[in-house]
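Structure data (compact mmCIF, C-alpha atoms) from data36.txt:
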```
# COMPACT_ATOMS: atom_id res chain seq x y z
CA MET A 119 2.40 0.32 141.53
CA SER A 120 3.49 0.02 137.90
CA LYS A 121 2.42 2.55 135.31
CA THR A 122 0.38 -0.09 133.46
CA THR A 123 -1.48 -1.11 136.62
CA ARG A 124 -2.20 2.53 137.43
CA ILE A 125 -3.60 3.14 133.93
CA ILE A 126 -5.77 0.00 134.02
CA SER A 127 -7.07 0.97 137.46
CA MET A 128 -7.92 4.51 136.35
CA VAL A 129 -9.65 3.32 133.18
CA LEU A 130 -11.77 0.84 135.16
CA LYS A 131 -12.55 3.46 137.83
CA VAL A 132 -13.69 5.96 135.22
CA LEU A 133 -15.77 3.36 133.35
CA VAL A 134 -17.55 2.23 136.53
CA ALA A 135 -18.10 5.84 137.61
CA LEU A 136 -19.52 6.69 134.17
CA MET A 137 -21.95 3.78 134.45
CA PHE A 138 -23.09 5.14 137.79
CA VAL A 139 -23.38 8.70 136.45
CA MET A 140 -25.39 7.59 133.40
CA SER A 141 -27.70 5.56 135.61
CA ALA A 142 -28.07 8.48 138.02
CA VAL A 143 -28.89 10.91 135.22
CA MET A 144 -31.59 8.58 133.89
CA LYS A 145 -33.10 8.40 137.39
CA LEU A 146 -32.86 12.14 138.00
CA MET A 147 -34.49 12.83 134.62
CA HIS A 148 -37.25 10.35 135.54
CA SER A 149 -36.86 8.32 132.36
CA GLN A 150 -40.16 6.52 131.76
CA GLN A 151 -38.52 3.09 131.55
CA ILE A 152 -36.77 3.69 134.89
CA VAL A 153 -39.94 5.03 136.53
CA ASP A 154 -41.91 1.99 135.35
CA GLY A 155 -39.25 -0.40 136.65
CA PHE A 156 -39.03 1.30 140.03
CA ASN A 157 -42.82 1.43 140.38
CA LYS A 158 -42.96 -2.28 139.59
CA VAL A 159 -40.74 -3.12 142.59
CA GLY A 160 -42.35 -0.54 144.89
CA LEU A 161 -39.53 2.00 144.89
CA GLY A 162 -41.07 4.65 142.66
CA SER A 163 -41.03 7.35 145.33
CA PHE A 164 -37.28 6.88 145.88
CA ILE A 165 -36.01 7.42 142.32
CA THR A 166 -34.54 10.87 142.95
CA LEU A 167 -32.87 9.82 146.21
CA ILE A 168 -31.38 6.72 144.61
CA GLY A 169 -30.14 8.76 141.64
CA LEU A 170 -28.47 11.27 143.96
CA THR A 171 -26.89 8.42 145.93
CA GLU A 172 -25.41 7.00 142.74
CA LEU A 173 -24.08 10.38 141.67
CA VAL A 174 -22.46 11.18 145.03
CA SER A 175 -20.96 7.70 145.28
CA ALA A 176 -19.38 7.98 141.83
CA ILE A 177 -17.93 11.40 142.60
CA LEU A 178 -16.50 10.21 145.92
CA PHE A 179 -15.02 7.16 144.19
CA LEU A 180 -13.15 9.31 141.66
CA ILE A 181 -11.60 11.65 144.24
CA PRO A 182 -8.40 10.03 145.57
CA MET A 183 -8.93 11.15 149.18
CA THR A 184 -12.48 9.79 149.28
CA SER A 185 -12.19 6.82 146.92
CA ARG A 186 -12.46 4.30 149.78
CA ILE A 187 -15.80 5.63 151.03
CA GLY A 188 -17.01 5.92 147.43
CA PHE A 189 -16.00 2.31 146.85
CA LEU A 190 -17.86 1.14 149.95
CA LEU A 191 -20.99 3.12 149.00
CA MET A 192 -20.92 1.77 145.44
CA THR A 193 -20.41 -1.80 146.68
CA ALA A 194 -23.38 -1.47 149.05
CA TYR A 195 -25.52 0.11 146.33
CA LEU A 196 -24.75 -2.66 143.84
CA GLY A 197 -25.41 -5.32 146.48
CA GLY A 198 -28.84 -3.85 147.06
CA ALA A 199 -29.49 -3.61 143.32
CA ILE A 200 -28.57 -7.26 142.86
CA VAL A 201 -30.92 -8.35 145.66
CA ILE A 202 -33.82 -6.32 144.24
CA GLN A 203 -33.18 -7.70 140.76
CA MET A 204 -33.09 -11.25 142.10
CA ALA A 205 -36.29 -10.75 144.11
CA SER A 206 -38.16 -9.34 141.11
CA GLY A 207 -36.91 -11.96 138.65
CA GLN A 208 -34.71 -9.60 136.65
CA PRO A 209 -31.27 -10.54 135.31
CA VAL A 210 -28.37 -9.49 137.55
CA TYR A 211 -25.61 -9.62 134.93
CA ALA A 212 -25.16 -5.86 134.55
CA SER A 213 -25.04 -5.14 138.29
CA ALA A 214 -22.84 -8.14 139.06
CA GLY A 215 -20.48 -7.28 136.20
CA THR A 216 -20.23 -3.68 137.37
CA GLN A 217 -19.50 -4.98 140.89
CA VAL A 218 -16.66 -7.14 139.54
CA PHE A 219 -15.10 -4.23 137.63
CA LEU A 220 -15.50 -1.99 140.69
CA TRP A 221 -13.65 -4.47 142.91
CA ILE A 222 -10.89 -5.04 140.34
CA ALA A 223 -10.39 -1.30 139.92
CA MET A 224 -10.15 -0.74 143.67
CA PHE A 225 -7.87 -3.73 144.19
CA LEU A 226 -5.47 -2.41 141.56
CA ALA A 227 -5.62 1.11 143.01
CA ASP A 228 -5.43 0.22 146.72
CA LYS A 229 -4.59 -3.36 147.65
CA HIS A 230 -4.65 -2.39 151.34
CA MET A 231 -8.45 -2.46 151.17
CA PHE A 232 -8.27 -6.21 150.57
CA VAL A 233 -4.92 -7.63 151.67
CA LYS A 234 -3.08 -7.17 154.94
CA THR A 235 0.52 -6.16 154.33
CA SER A 236 3.34 -7.38 156.54
CA GLY A 237 3.84 -3.98 158.23
CA GLU A 238 0.26 -3.61 159.48
CA GLN A 239 -0.60 -4.22 163.12
CA LYS A 240 -3.64 -6.08 164.34
CA PRO A 241 -6.43 -3.92 165.77
CA ALA A 242 -6.65 -3.91 169.58
```
Let me see whether you can do it: turn the structure in this file into structure tokens.
Amino acid sequence: MSKTTRIISMVLKVLVALMFVMSAVMKLMHSQQIVDGFNKVGLGSFITLIGLTELVSAILFLIPMTSRIGFLLMTAYLGGAIVIQMASGQPVYASAGTQVFLWIAMFLADKHMFVKTSGEQKPA
């Protein structure tokens, strides 16, 4: 991986993780706007759990040894967020954009998550 690709990947990873951390902090602090939004879609009692999930996912994503599981958790989280936003008539631009940056960052950091290389064997 070139130095430029590594830097771009790290910058994107940190930006996505910061978005998750900021969102998690707002949930863990029970920001009134967040509480109102979650109550509106019937998830008010899960704010703390969802905030902790975001925080753990972001931390796992930033640690090289656990970045794959963090990536998968963040992808699943954002997929769920997009579905809830669609179902409640909210715009999905922020979640979908974050998802795109997440995937680009992981692709640049670890192409093996997406593309089979010539040396890999097929699973039995």
When distances are computed from only C-alpha atoms, which of A:Ile200, A:Ala194, A:Ala212, A:Val134 shows the smallest separation from Ala176 of chain A?
-> A:Val134
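Shown here are all protein and nucleic acid residues lying within 10 Å of (-37.4, -4.7, 142.5), with all atoms listed in the file considered: Gly155, Phe156, Asn157, Lys158, Val159, Gly160, Leu161, Gly198, Ala199, Ile200, Val201, Ile202, Gln203, Met204, Ala205, Ser206, Gly207 and Gln208 of chain A.
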For the selection just defined, write its residues with C-alpha atoms to a file, as a PDB file, in the frame of the given file.
```pdb
ATOM      1  CA  GLY A 155     -39.250  -0.400 136.650  1.00  0.00           C
ATOM      2  CA  PHE A 156     -39.030   1.300 140.030  1.00  0.00           C
ATOM      3  CA  ASN A 157     -42.820   1.430 140.380  1.00  0.00           C
ATOM      4  CA  LYS A 158     -42.960  -2.280 139.590  1.00  0.00           C
ATOM      5  CA  VAL A 159     -40.740  -3.120 142.590  1.00  0.00           C
ATOM      6  CA  GLY A 160     -42.350  -0.540 144.890  1.00  0.00           C
ATOM      7  CA  LEU A 161     -39.530   2.000 144.890  1.00  0.00           C
ATOM      8  CA  GLY A 198     -28.840  -3.850 147.060  1.00  0.00           C
ATOM      9  CA  ALA A 199     -29.490  -3.610 143.320  1.00  0.00           C
ATOM     10  CA  ILE A 200     -28.570  -7.260 142.860  1.00  0.00           C
ATOM     11  CA  VAL A 201     -30.920  -8.350 145.660  1.00  0.00           C
ATOM     12  CA  ILE A 202     -33.820  -6.320 144.240  1.00  0.00           C
ATOM     13  CA  GLN A 203     -33.180  -7.700 140.760  1.00  0.00           C
ATOM     14  CA  MET A 204     -33.090 -11.250 142.100  1.00  0.00           C
ATOM     15  CA  ALA A 205     -36.290 -10.750 144.110  1.00  0.00           C
ATOM     16  CA  SER A 206     -38.160  -9.340 141.110  1.00  0.00           C
ATOM     17  CA  GLY A 207     -36.910 -11.960 138.650  1.00  0.00           C
ATOM     18  CA  GLN A 208     -34.710  -9.600 136.650  1.00  0.00           C
TER      19      GLN A 208
END
```
Minimum-distance residue to Lys145 of chain A, chosen among A:Leu226, A:Val129, A:Val233, A:Leu170 (using all atoms listed in the file) | A:Leu170
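Residues with any atom within 8 Å of Ala214 of chain A, counting all atoms listed in the file and excluding same-chain neighbours fewer than 4 positions away, are Leu196, Ile200, Val210 and Val218 of chain A.
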Which residue, A:Asp154, A:Leu180, A:Ile125, A:Val143, has the smallest gap to Thr166 of chain A when you use all atoms listed in the file?
-> A:Val143
If we count only C-alpha atoms, what is near Met128 of chain A at a cut-off of 8 Å, once residues fewer than 3 positions away on the same chain are taken out, given as a PDB file with C-alpha atoms, in the coordinates of the input?
```pdb
ATOM      1  CA  ARG A 124      -2.200   2.530 137.430  1.00  0.00           C
ATOM      2  CA  ILE A 125      -3.600   3.140 133.930  1.00  0.00           C
ATOM      3  CA  LYS A 131     -12.550   3.460 137.830  1.00  0.00           C
ATOM      4  CA  VAL A 132     -13.690   5.960 135.220  1.00  0.00           C
ATOM      5  CA  ALA A 223     -10.390  -1.300 139.920  1.00  0.00           C
ATOM      6  CA  ALA A 227      -5.620   1.110 143.010  1.00  0.00           C
TER       7      ALA A 227
END
```
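Relative to atom CA of Asp228 of chain A, atom CA of Ile168 of chain A is found at 26.8 Å.
Here the question is which of A:Ser175, A:Lys229, A:Leu146, A:Gln151 gets nearest to Thr193 of chain A using all atoms listed in the file, and that residue is A:Ser175.
Residue nearest Arg186 of chain A within the list A:Ala142, A:Pro209, A:Phe232, A:Ile152: A:Phe232 [criterion: smallest interatomic distance, all atoms listed in the file].
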The distance between atom CA of Phe179 of chain A and atom CA of Met224 of chain A is 9.3 Å
From the list A:Thr235, A:Thr184, A:Ile165, A:Thr216, the nearest residue to Leu136 of chain A using only C-alpha atoms is A:Thr216
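Separating atom CA of Tyr195 of chain A from atom CA of Met183 of chain A is a distance of 20.1 Å.
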